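Structure file data-v1.cif with mmCIF, C-alpha atoms, pLDDT in the B column; chains and numbers go by the auth columns:
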```cif
data_entry
#
loop_
_atom_site.group_PDB
_atom_site.id
_atom_site.type_symbol
_atom_site.label_atom_id
_atom_site.label_comp_id
_atom_site.label_asym_id
_atom_site.label_seq_id
_atom_site.Cartn_x
_atom_site.Cartn_y
_atom_site.Cartn_z
_atom_site.B_iso_or_equiv
_atom_site.auth_seq_id
_atom_site.auth_asym_id
ATOM 1 C CA MET A 1 38.795 -13.233 14.471 66.00 4 E
ATOM 2 C CA ASN A 2 36.354 -14.186 11.772 88.00 5 E
ATOM 3 C CA MET A 3 34.123 -11.504 10.272 94.00 6 E
ATOM 4 C CA THR A 4 30.619 -11.739 8.855 95.00 7 E
ATOM 5 C CA HIS A 5 30.121 -10.783 5.241 96.00 8 E
ATOM 6 C CA TYR A 6 28.013 -7.848 6.503 95.00 9 E
ATOM 7 C CA MET A 7 30.937 -6.371 8.459 95.00 10 E
ATOM 8 C CA GLU A 8 33.388 -7.230 5.711 95.00 11 E
ATOM 9 C CA LEU A 9 31.230 -5.340 3.202 94.00 12 E
ATOM 10 C CA LEU A 10 31.273 -2.260 5.436 94.00 13 E
ATOM 11 C CA ALA A 11 34.991 -2.577 6.221 94.00 14 E
ATOM 12 C CA VAL A 12 36.388 -2.924 2.693 95.00 15 E
ATOM 13 C CA ASN A 13 36.734 -0.118 0.149 94.00 16 E
ATOM 14 C CA GLN A 14 36.750 2.551 2.860 93.00 17 E
ATOM 15 C CA PRO A 15 34.964 4.907 3.111 96.00 18 E
ATOM 16 C CA TRP A 16 32.791 4.151 0.082 97.00 19 E
ATOM 17 C CA ASN A 17 31.109 0.912 1.140 96.00 20 E
ATOM 18 C CA LEU A 18 30.366 2.320 4.574 96.00 21 E
ATOM 19 C CA LEU A 19 28.780 5.388 2.980 97.00 22 E
ATOM 20 C CA LEU A 20 26.868 3.517 0.259 97.00 23 E
ATOM 21 C CA PHE A 21 25.620 0.529 2.265 96.00 24 E
ATOM 22 C CA MET A 22 25.221 2.053 5.735 95.00 25 E
ATOM 23 C CA ALA A 23 25.290 5.843 5.865 96.00 26 E
ATOM 24 C CA VAL A 24 22.969 6.648 2.950 97.00 27 E
ATOM 25 C CA PRO A 25 20.152 4.209 3.884 94.00 28 E
ATOM 26 C CA VAL A 26 20.383 5.008 7.600 93.00 29 E
ATOM 27 C CA VAL A 27 20.454 8.793 7.116 96.00 30 E
ATOM 28 C CA LEU A 28 17.419 8.570 4.827 96.00 31 E
ATOM 29 C CA ALA A 29 15.554 6.282 7.269 94.00 32 E
ATOM 30 C CA GLU A 30 16.417 8.515 10.237 94.00 33 E
ATOM 31 C CA THR A 31 15.288 11.584 8.296 97.00 34 E
ATOM 32 C CA VAL A 32 11.971 9.827 7.712 96.00 35 E
ATOM 33 C CA ALA A 33 11.715 8.766 11.369 94.00 36 E
ATOM 34 C CA ILE A 34 12.485 12.196 12.836 95.00 37 E
ATOM 35 C CA SER A 35 10.238 14.100 10.449 96.00 38 E
ATOM 36 C CA GLU A 36 7.502 11.524 10.987 92.00 39 E
ATOM 37 C CA LEU A 37 7.478 12.107 14.719 92.00 40 E
ATOM 38 C CA TRP A 38 6.944 15.826 14.099 95.00 41 E
ATOM 39 C CA LEU A 39 4.231 15.208 11.512 94.00 42 E
ATOM 40 C CA LEU A 40 2.304 12.741 13.653 91.00 43 E
ATOM 41 C CA TYR A 41 2.591 14.848 16.798 93.00 44 E
ATOM 42 C CA HIS A 42 1.363 17.999 15.077 95.00 45 E
ATOM 43 C CA ARG A 43 -1.008 16.194 12.676 92.00 46 E
ATOM 44 C CA VAL A 44 0.232 18.478 9.920 92.00 47 E
ATOM 45 C CA TYR A 45 0.649 16.604 6.658 92.00 48 E
ATOM 46 C CA THR A 46 1.591 19.441 4.333 94.00 49 E
ATOM 47 C CA GLY A 47 4.492 21.857 4.223 97.00 50 E
ATOM 48 C CA PRO A 48 8.271 21.608 4.243 98.00 51 E
ATOM 49 C CA VAL A 49 8.578 18.855 6.881 97.00 52 E
ATOM 50 C CA ARG A 50 6.229 16.613 4.900 97.00 53 E
ATOM 51 C CA THR A 51 8.106 17.442 1.692 98.00 54 E
ATOM 52 C CA VAL A 52 11.407 16.353 3.277 98.00 55 E
ATOM 53 C CA ASN A 53 9.719 13.272 4.759 97.00 56 E
ATOM 54 C CA ARG A 54 8.200 12.266 1.424 97.00 57 E
ATOM 55 C CA ALA A 55 11.427 12.874 -0.526 98.00 58 E
ATOM 56 C CA ALA A 56 13.503 10.859 1.965 98.00 59 E
ATOM 57 C CA SER A 57 10.886 8.075 1.939 98.00 60 E
ATOM 58 C CA ILE A 58 10.794 7.708 -1.823 98.00 61 E
ATOM 59 C CA LEU A 59 14.538 8.137 -2.263 98.00 62 E
ATOM 60 C CA GLY A 60 15.219 5.638 0.541 97.00 63 E
ATOM 61 C CA GLY A 61 12.935 3.025 -0.998 97.00 64 E
ATOM 62 C CA VAL A 62 14.311 3.464 -4.495 98.00 65 E
ATOM 63 C CA TYR A 63 17.926 3.588 -3.290 98.00 66 E
ATOM 64 C CA PHE A 64 17.585 0.486 -1.117 97.00 67 E
ATOM 65 C CA THR A 65 15.921 -1.393 -3.976 98.00 68 E
ATOM 66 C CA GLY A 66 19.153 -0.845 -5.910 98.00 69 E
ATOM 67 C CA VAL A 67 21.251 -1.973 -2.924 97.00 70 E
ATOM 68 C CA PHE A 68 19.050 -5.039 -2.478 98.00 71 E
ATOM 69 C CA LEU A 69 19.299 -6.092 -6.128 98.00 72 E
ATOM 70 C CA TYR A 70 23.060 -5.454 -6.233 98.00 73 E
ATOM 71 C CA LEU A 71 23.748 -7.509 -3.094 97.00 74 E
ATOM 72 C CA MET A 72 21.434 -10.337 -4.147 98.00 75 E
ATOM 73 C CA VAL A 73 23.352 -10.719 -7.411 98.00 76 E
ATOM 74 C CA LYS A 74 26.869 -9.987 -6.119 96.00 77 E
ATOM 75 C CA ALA A 75 26.707 -11.594 -2.659 96.00 78 E
ATOM 76 C CA VAL A 76 23.689 -13.707 -1.674 97.00 79 E
ATOM 77 C CA VAL A 77 23.405 -15.853 -4.800 97.00 80 E
ATOM 78 C CA PRO A 78 27.177 -16.536 -5.079 97.00 81 E
ATOM 79 C CA LEU A 79 27.504 -17.231 -1.325 96.00 82 E
ATOM 80 C CA THR A 80 24.543 -19.581 -1.383 96.00 83 E
ATOM 81 C CA THR A 81 25.439 -21.469 -4.562 97.00 84 E
ATOM 82 C CA GLY A 82 29.128 -21.621 -3.619 97.00 85 E
ATOM 83 C CA GLY A 83 28.664 -22.595 0.026 95.00 86 E
ATOM 84 C CA GLY A 84 30.457 -19.462 1.167 95.00 87 E
ATOM 85 C CA TRP A 85 28.420 -18.569 4.247 96.00 88 E
ATOM 86 C CA ARG A 86 30.550 -18.361 7.385 95.00 89 E
ATOM 87 C CA GLY A 87 27.909 -19.547 9.849 93.00 90 E
ATOM 88 C CA PRO A 88 24.393 -18.801 11.092 94.00 91 E
ATOM 89 C CA ALA A 89 25.246 -15.311 12.364 95.00 92 E
ATOM 90 C CA ASP A 90 26.563 -14.463 8.900 95.00 93 E
ATOM 91 C CA VAL A 91 23.297 -15.526 7.262 96.00 94 E
ATOM 92 C CA VAL A 92 21.140 -13.712 9.845 96.00 95 E
ATOM 93 C CA ALA A 93 23.177 -10.499 9.492 97.00 96 E
ATOM 94 C CA VAL A 94 23.024 -10.367 5.700 97.00 97 E
ATOM 95 C CA LEU A 95 19.408 -11.457 5.370 97.00 98 E
ATOM 96 C CA SER A 96 18.273 -9.057 8.116 97.00 99 E
ATOM 97 C CA TYR A 97 20.022 -6.213 6.345 97.00 100 E
ATOM 98 C CA LEU A 98 18.371 -7.172 3.050 98.00 101 E
ATOM 99 C CA ALA A 99 14.982 -7.511 4.793 98.00 102 E
ATOM 100 C CA GLY A 100 15.097 -3.715 5.014 97.00 103 E
ATOM 101 C CA ILE A 101 13.705 -3.736 1.467 98.00 104 E
ATOM 102 C CA VAL A 102 10.258 -4.625 2.851 98.00 105 E
ATOM 103 C CA PRO A 103 9.722 -1.611 5.124 97.00 106 E
ATOM 104 C CA LEU A 104 11.690 0.852 2.987 97.00 107 E
ATOM 105 C CA GLY A 105 9.898 -0.319 -0.144 98.00 108 E
ATOM 106 C CA ALA A 106 6.524 -0.081 1.600 98.00 109 E
ATOM 107 C CA ILE A 107 7.247 3.463 2.796 97.00 110 E
ATOM 108 C CA ALA A 108 8.122 4.521 -0.745 98.00 111 E
ATOM 109 C CA LEU A 109 5.006 2.830 -2.135 98.00 112 E
ATOM 110 C CA ILE A 110 2.822 4.653 0.405 97.00 113 E
ATOM 111 C CA ASP A 111 4.296 8.002 -0.635 96.00 114 E
ATOM 112 C CA LEU A 112 3.990 7.143 -4.314 97.00 115 E
ATOM 113 C CA GLY A 113 0.281 6.522 -3.733 95.00 116 E
ATOM 114 C CA LEU A 114 0.491 2.821 -4.579 97.00 117 E
ATOM 115 C CA LEU A 115 -0.092 1.392 -1.079 97.00 118 E
ATOM 116 C CA ALA A 116 -2.688 2.249 1.594 96.00 119 E
ATOM 117 C CA LYS A 117 -4.759 4.273 -0.871 95.00 120 E
ATOM 118 C CA ASP A 118 -7.889 3.547 1.166 95.00 121 E
ATOM 119 C CA ARG A 119 -6.535 5.302 4.299 96.00 122 E
ATOM 120 C CA ASP A 120 -6.690 8.985 5.157 94.00 123 E
ATOM 121 C CA GLU A 121 -3.470 10.972 5.497 91.00 124 E
ATOM 122 C CA HIS A 122 -3.150 10.288 9.243 90.00 125 E
ATOM 123 C CA GLY A 123 -3.730 6.568 8.639 93.00 126 E
ATOM 124 C CA ARG A 124 -1.072 6.472 5.916 94.00 127 E
ATOM 125 C CA MET A 125 1.385 8.286 8.197 92.00 128 E
ATOM 126 C CA GLY A 126 0.648 5.818 11.001 92.00 129 E
ATOM 127 C CA LEU A 127 1.380 2.911 8.674 95.00 130 E
ATOM 128 C CA HIS A 128 4.441 4.788 7.440 93.00 131 E
ATOM 129 C CA ALA A 129 5.662 5.085 11.053 93.00 132 E
ATOM 130 C CA ALA A 130 5.080 1.373 11.680 96.00 133 E
ATOM 131 C CA PHE A 131 7.255 0.525 8.664 97.00 134 E
ATOM 132 C CA VAL A 132 9.965 2.872 9.974 93.00 135 E
ATOM 133 C CA GLY A 133 9.878 0.859 13.202 94.00 136 E
ATOM 134 C CA VAL A 134 10.181 -2.414 11.274 96.00 137 E
ATOM 135 C CA PHE A 135 13.186 -1.022 9.396 95.00 138 E
ATOM 136 C CA LEU A 136 14.862 -0.022 12.661 93.00 139 E
ATOM 137 C CA VAL A 137 14.362 -3.534 14.045 96.00 140 E
ATOM 138 C CA VAL A 138 15.775 -5.386 11.020 97.00 141 E
ATOM 139 C CA ALA A 139 18.656 -2.907 10.708 95.00 142 E
ATOM 140 C CA HIS A 140 19.602 -3.411 14.348 95.00 143 E
ATOM 141 C CA VAL A 141 19.333 -7.203 14.094 97.00 144 E
ATOM 142 C CA ALA A 142 21.684 -6.991 11.098 97.00 145 E
ATOM 143 C CA MET A 143 24.136 -4.834 13.059 95.00 146 E
ATOM 144 C CA ILE A 144 24.091 -7.066 16.146 97.00 147 E
ATOM 145 C CA PHE A 145 24.562 -10.324 14.245 97.00 148 E
ATOM 146 C CA GLY A 146 26.944 -8.604 11.832 96.00 149 E
ATOM 147 C CA MET A 147 29.311 -7.781 14.689 95.00 150 E
ATOM 148 C CA MET A 148 29.386 -11.373 15.952 94.00 151 E
ATOM 149 C CA ASP A 149 32.011 -13.906 15.120 93.00 152 E
ATOM 150 C CA PRO A 150 30.075 -15.780 12.412 92.00 153 E
ATOM 151 C CA THR A 151 31.052 -19.157 13.912 88.00 154 E
ATOM 152 C CA LEU A 152 29.706 -18.286 17.368 88.00 155 E
ATOM 153 C CA LEU A 153 26.285 -19.886 16.783 87.00 156 E
ATOM 154 C CA MET A 154 27.757 -23.028 15.215 84.00 157 E
ATOM 155 C CA SER A 155 28.312 -26.354 16.912 75.00 158 E
ATOM 156 C CA GLY A 156 31.114 -28.775 16.229 64.00 159 E
ATOM 157 C CA PRO A 157 34.817 -28.278 15.476 60.00 160 E
ATOM 158 C CA MET A 158 34.465 -24.832 13.872 59.00 161 E
ATOM 159 C CA ALA A 159 32.326 -23.302 16.631 58.00 162 E
ATOM 160 C CA GLY A 160 33.881 -20.181 18.116 55.00 163 E
ATOM 161 C CA GLY A 161 37.095 -20.941 16.293 52.00 164 E
ATOM 162 C CA HIS A 162 37.879 -24.045 18.352 48.00 165 E
ATOM 163 C CA ALA A 163 36.614 -27.562 19.051 43.00 166 E
ATOM 164 C CA GLY A 164 34.455 -28.539 21.968 42.00 167 E
ATOM 165 C CA HIS A 165 31.278 -26.522 21.460 41.00 168 E
#
```
What does this structure look like when you write it as structure tokens?
Amino acid sequence: MNMTHYMELLAVNQPWNLLLFMAVPVVLAETVAISELWLLYHRVYTGPVRTVNRAASILGGVYFTGVFLYLMVKAVVPLTTGGGWRGPADVVAVLSYLAGIVPLGAIALIDLGLLAKDRDEHGRMGLHAAFVGVFLVVAHVAMIFGMMDPTLLMSGPMAGGHAGH
């Protein structure tokens, strides 16, 4: 079976790639999501839960910026210039994963005081929560398409590994 570059990245160099490209960003994003639910429910925006939330938000944004830049240089540019994509599912998986930079970057910018400065604390946390939701969507799209046979969405002789599609 063919494998998308997304799944290949996670499968090689075990367990390091899985930890660096999946576990760290997801644990940070889930820490933000869980603490955010508590903060928004209780409308308490100070204290240890907010400190953990803010630290995970900033660290997640900064960390994923590094991941994004690394994968753009080491994977996306070479695959694009060299014609190395394995099919539409491959492109969707990788680009959806990398799209995580938008919500994770925005969350970090909110907590660094560079975005949504005109909102009160509850408004910033609401926007924060919306970006967490966006991250969860793009991360799940990446996982779903990443697990597909990359030729599945193709037509022609290579589709699904055999002719007739």
Output the residue selection produced by the PyMOL selection byres ((chain E and resi 44-58) around 12) on the file above, formatted as a PDB file with C-alpha atoms, in the coordinates of the input.
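And here's expr-v2.pdb as it stands now:
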```pdb
ATOM      1  CA  VAL E  30      20.454   8.793   7.116  1.00 96.00           C
ATOM      2  CA  LEU E  31      17.419   8.570   4.827  1.00 96.00           C
ATOM      3  CA  ALA E  32      15.554   6.282   7.269  1.00 94.00           C
ATOM      4  CA  GLU E  33      16.417   8.515  10.237  1.00 94.00           C
ATOM      5  CA  THR E  34      15.288  11.584   8.296  1.00 97.00           C
ATOM      6  CA  VAL E  35      11.971   9.827   7.712  1.00 96.00           C
ATOM      7  CA  ALA E  36      11.715   8.766  11.369  1.00 94.00           C
ATOM      8  CA  ILE E  37      12.485  12.196  12.836  1.00 95.00           C
ATOM      9  CA  SER E  38      10.238  14.100  10.449  1.00 96.00           C
ATOM     10  CA  GLU E  39       7.502  11.524  10.987  1.00 92.00           C
ATOM     11  CA  LEU E  40       7.478  12.107  14.719  1.00 92.00           C
ATOM     12  CA  TRP E  41       6.944  15.826  14.099  1.00 95.00           C
ATOM     13  CA  LEU E  42       4.231  15.208  11.512  1.00 94.00           C
ATOM     14  CA  LEU E  43       2.304  12.741  13.653  1.00 91.00           C
ATOM     15  CA  ALA E  59      13.503  10.859   1.965  1.00 98.00           C
ATOM     16  CA  SER E  60      10.886   8.075   1.939  1.00 98.00           C
ATOM     17  CA  ILE E  61      10.794   7.708  -1.823  1.00 98.00           C
ATOM     18  CA  LEU E  62      14.538   8.137  -2.263  1.00 98.00           C
ATOM     19  CA  GLY E  63      15.219   5.638   0.541  1.00 97.00           C
ATOM     20  CA  GLY E  64      12.935   3.025  -0.998  1.00 97.00           C
ATOM     21  CA  VAL E  65      14.311   3.464  -4.495  1.00 98.00           C
ATOM     22  CA  TYR E  66      17.926   3.588  -3.290  1.00 98.00           C
ATOM     23  CA  ILE E 110       7.247   3.463   2.796  1.00 97.00           C
ATOM     24  CA  ALA E 111       8.122   4.521  -0.745  1.00 98.00           C
ATOM     25  CA  LEU E 112       5.006   2.830  -2.135  1.00 98.00           C
ATOM     26  CA  ILE E 113       2.822   4.653   0.405  1.00 97.00           C
ATOM     27  CA  ASP E 114       4.296   8.002  -0.635  1.00 96.00           C
ATOM     28  CA  LEU E 115       3.990   7.143  -4.314  1.00 97.00           C
ATOM     29  CA  GLY E 116       0.281   6.522  -3.733  1.00 95.00           C
ATOM     30  CA  ASP E 123      -6.690   8.985   5.157  1.00 94.00           C
ATOM     31  CA  GLU E 124      -3.470  10.972   5.497  1.00 91.00           C
ATOM     32  CA  HIS E 125      -3.150  10.288   9.243  1.00 90.00           C
ATOM     33  CA  GLY E 126      -3.730   6.568   8.639  1.00 93.00           C
ATOM     34  CA  ARG E 127      -1.072   6.472   5.916  1.00 94.00           C
ATOM     35  CA  MET E 128       1.385   8.286   8.197  1.00 92.00           C
ATOM     36  CA  GLY E 129       0.648   5.818  11.001  1.00 92.00           C
ATOM     37  CA  HIS E 131       4.441   4.788   7.440  1.00 93.00           C
ATOM     38  CA  ALA E 132       5.662   5.085  11.053  1.00 93.00           C
ATOM     39  CA  VAL E 135       9.965   2.872   9.974  1.00 93.00           C
TER      40      VAL E 135
END
```
Name the closest residue to Leu139 in chain E among the candidates E:Leu23, E:Val29, E:Ala119, E:Val80; distances are taken between atoms, counting all atoms listed in the file.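 Among the listed residues, E:Val29 lies closest to Leu139 in chain E.
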Skip range 146-151 of chain E itself and residues of its chain fewer than 5 positions away, then list as an NGL selection string all residues within 12 Å of it, counting only C-alpha atoms. :E and (4-14 or 25 or 29 or 89-101 or 139-141 or 156-157 or 163)
Keeping only C-alpha atoms, write the selected residues as a PDB file, keeping the file's coordinate frame.
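Wrote out.pdb, looks like this:
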```pdb
ATOM      1  CA  MET E   4      38.795 -13.233  14.471  1.00 66.00           C
ATOM      2  CA  ASN E   5      36.354 -14.186  11.772  1.00 88.00           C
ATOM      3  CA  MET E   6      34.123 -11.504  10.272  1.00 94.00           C
ATOM      4  CA  THR E   7      30.619 -11.739   8.855  1.00 95.00           C
ATOM      5  CA  HIS E   8      30.121 -10.783   5.241  1.00 96.00           C
ATOM      6  CA  TYR E   9      28.013  -7.848   6.503  1.00 95.00           C
ATOM      7  CA  MET E  10      30.937  -6.371   8.459  1.00 95.00           C
ATOM      8  CA  GLU E  11      33.388  -7.230   5.711  1.00 95.00           C
ATOM      9  CA  LEU E  12      31.230  -5.340   3.202  1.00 94.00           C
ATOM     10  CA  LEU E  13      31.273  -2.260   5.436  1.00 94.00           C
ATOM     11  CA  ALA E  14      34.991  -2.577   6.221  1.00 94.00           C
ATOM     12  CA  MET E  25      25.221   2.053   5.735  1.00 95.00           C
ATOM     13  CA  VAL E  29      20.383   5.008   7.600  1.00 93.00           C
ATOM     14  CA  ARG E  89      30.550 -18.361   7.385  1.00 95.00           C
ATOM     15  CA  GLY E  90      27.909 -19.547   9.849  1.00 93.00           C
ATOM     16  CA  PRO E  91      24.393 -18.801  11.092  1.00 94.00           C
ATOM     17  CA  ALA E  92      25.246 -15.311  12.364  1.00 95.00           C
ATOM     18  CA  ASP E  93      26.563 -14.463   8.900  1.00 95.00           C
ATOM     19  CA  VAL E  94      23.297 -15.526   7.262  1.00 96.00           C
ATOM     20  CA  VAL E  95      21.140 -13.712   9.845  1.00 96.00           C
ATOM     21  CA  ALA E  96      23.177 -10.499   9.492  1.00 97.00           C
ATOM     22  CA  VAL E  97      23.024 -10.367   5.700  1.00 97.00           C
ATOM     23  CA  LEU E  98      19.408 -11.457   5.370  1.00 97.00           C
ATOM     24  CA  SER E  99      18.273  -9.057   8.116  1.00 97.00           C
ATOM     25  CA  TYR E 100      20.022  -6.213   6.345  1.00 97.00           C
ATOM     26  CA  LEU E 101      18.371  -7.172   3.050  1.00 98.00           C
ATOM     27  CA  LEU E 139      14.862  -0.022  12.661  1.00 93.00           C
ATOM     28  CA  VAL E 140      14.362  -3.534  14.045  1.00 96.00           C
ATOM     29  CA  VAL E 141      15.775  -5.386  11.020  1.00 97.00           C
ATOM     30  CA  LEU E 156      26.285 -19.886  16.783  1.00 87.00           C
ATOM     31  CA  MET E 157      27.757 -23.028  15.215  1.00 84.00           C
ATOM     32  CA  GLY E 163      33.881 -20.181  18.116  1.00 55.00           C
TER      33      GLY E 163
END
```
Can we get range 116-140 of chain E of that structure written down with N, CA and C atoms, as an mmCIF file, in the first residue's frame?
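New file result21.cif:
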```
data_model
loop_
_atom_site.group_PDB
_atom_site.id
_atom_site.type_symbol
_atom_site.label_atom_id
_atom_site.label_comp_id
_atom_site.auth_asym_id
_atom_site.auth_seq_id
_atom_site.Cartn_x
_atom_site.Cartn_y
_atom_site.Cartn_z
ATOM 1 N N GLY E 116 -0.070 39.393 23.358
ATOM 2 C CA GLY E 116 -0.615 40.743 23.337
ATOM 3 C C GLY E 116 -0.478 41.447 22.003
ATOM 4 N N LEU E 117 -0.269 40.684 20.935
ATOM 5 C CA LEU E 117 -0.074 41.271 19.611
ATOM 6 C C LEU E 117 -1.305 41.176 18.724
ATOM 7 N N LEU E 118 -2.317 40.418 19.140
ATOM 8 C CA LEU E 118 -3.538 40.225 18.368
ATOM 9 C C LEU E 118 -4.729 40.364 19.311
ATOM 10 N N ALA E 119 -5.795 40.956 18.829
ATOM 11 C CA ALA E 119 -7.041 41.145 19.594
ATOM 12 C C ALA E 119 -6.837 42.045 20.810
ATOM 13 N N LYS E 120 -5.974 43.040 20.651
ATOM 14 C CA LYS E 120 -5.691 43.967 21.756
ATOM 15 C C LYS E 120 -6.917 44.781 22.138
ATOM 16 N N ASP E 121 -7.841 44.968 21.202
ATOM 17 C CA ASP E 121 -9.016 45.789 21.449
ATOM 18 C C ASP E 121 -10.132 45.044 22.199
ATOM 19 N N ARG E 122 -9.962 43.762 22.452
ATOM 20 C CA ARG E 122 -10.983 42.961 23.141
ATOM 21 C C ARG E 122 -10.676 42.862 24.631
ATOM 22 N N ASP E 123 -11.734 42.642 25.418
ATOM 23 C CA ASP E 123 -11.511 42.382 26.844
ATOM 24 C C ASP E 123 -11.028 40.942 27.001
ATOM 25 N N GLU E 124 -10.703 40.572 28.228
ATOM 26 C CA GLU E 124 -10.127 39.240 28.469
ATOM 27 C C GLU E 124 -11.070 38.121 28.018
ATOM 28 N N HIS E 125 -12.353 38.244 28.295
ATOM 29 C CA HIS E 125 -13.319 37.224 27.873
ATOM 30 C C HIS E 125 -13.387 37.150 26.342
ATOM 31 N N GLY E 126 -13.357 38.299 25.685
ATOM 32 C CA GLY E 126 -13.365 38.328 24.224
ATOM 33 C C GLY E 126 -12.129 37.692 23.628
ATOM 34 N N ARG E 127 -10.970 37.942 24.223
ATOM 35 C CA ARG E 127 -9.727 37.315 23.745
ATOM 36 C C ARG E 127 -9.788 35.799 23.947
ATOM 37 N N MET E 128 -10.332 35.372 25.093
ATOM 38 C CA MET E 128 -10.421 33.926 25.346
ATOM 39 C C MET E 128 -11.415 33.263 24.395
ATOM 40 N N GLY E 129 -12.485 33.980 24.041
ATOM 41 C CA GLY E 129 -13.430 33.433 23.066
ATOM 42 C C GLY E 129 -12.786 33.254 21.699
ATOM 43 N N LEU E 130 -12.011 34.237 21.285
ATOM 44 C CA LEU E 130 -11.279 34.147 20.022
ATOM 45 C C LEU E 130 -10.231 33.039 20.094
ATOM 46 N N HIS E 131 -9.575 32.964 21.214
ATOM 47 C CA HIS E 131 -8.597 31.906 21.506
ATOM 48 C C HIS E 131 -9.252 30.544 21.291
ATOM 49 N N ALA E 132 -10.436 30.356 21.885
ATOM 50 C CA ALA E 132 -11.167 29.086 21.780
ATOM 51 C C ALA E 132 -11.551 28.788 20.335
ATOM 52 N N ALA E 133 -11.945 29.810 19.586
ATOM 53 C CA ALA E 133 -12.293 29.602 18.178
ATOM 54 C C ALA E 133 -11.075 29.097 17.398
ATOM 55 N N PHE E 134 -9.904 29.669 17.680
ATOM 56 C CA PHE E 134 -8.688 29.213 16.998
ATOM 57 C C PHE E 134 -8.309 27.790 17.414
ATOM 58 N N VAL E 135 -8.584 27.415 18.652
ATOM 59 C CA VAL E 135 -8.366 26.023 19.068
ATOM 60 C C VAL E 135 -9.244 25.105 18.222
ATOM 61 N N GLY E 136 -10.497 25.504 18.022
ATOM 62 C CA GLY E 136 -11.404 24.721 17.181
ATOM 63 C C GLY E 136 -10.895 24.592 15.757
ATOM 64 N N VAL E 137 -10.391 25.687 15.201
ATOM 65 C CA VAL E 137 -9.834 25.650 13.835
ATOM 66 C C VAL E 137 -8.653 24.687 13.780
ATOM 67 N N PHE E 138 -7.789 24.730 14.806
ATOM 68 C CA PHE E 138 -6.653 23.806 14.823
ATOM 69 C C PHE E 138 -7.138 22.357 14.844
ATOM 70 N N LEU E 139 -8.129 22.065 15.660
ATOM 71 C CA LEU E 139 -8.646 20.696 15.733
ATOM 72 C C LEU E 139 -9.189 20.236 14.381
ATOM 73 N N VAL E 140 -9.849 21.124 13.663
ATOM 74 C CA VAL E 140 -10.381 20.762 12.344
ATOM 75 C C VAL E 140 -9.242 20.460 11.368
#
```
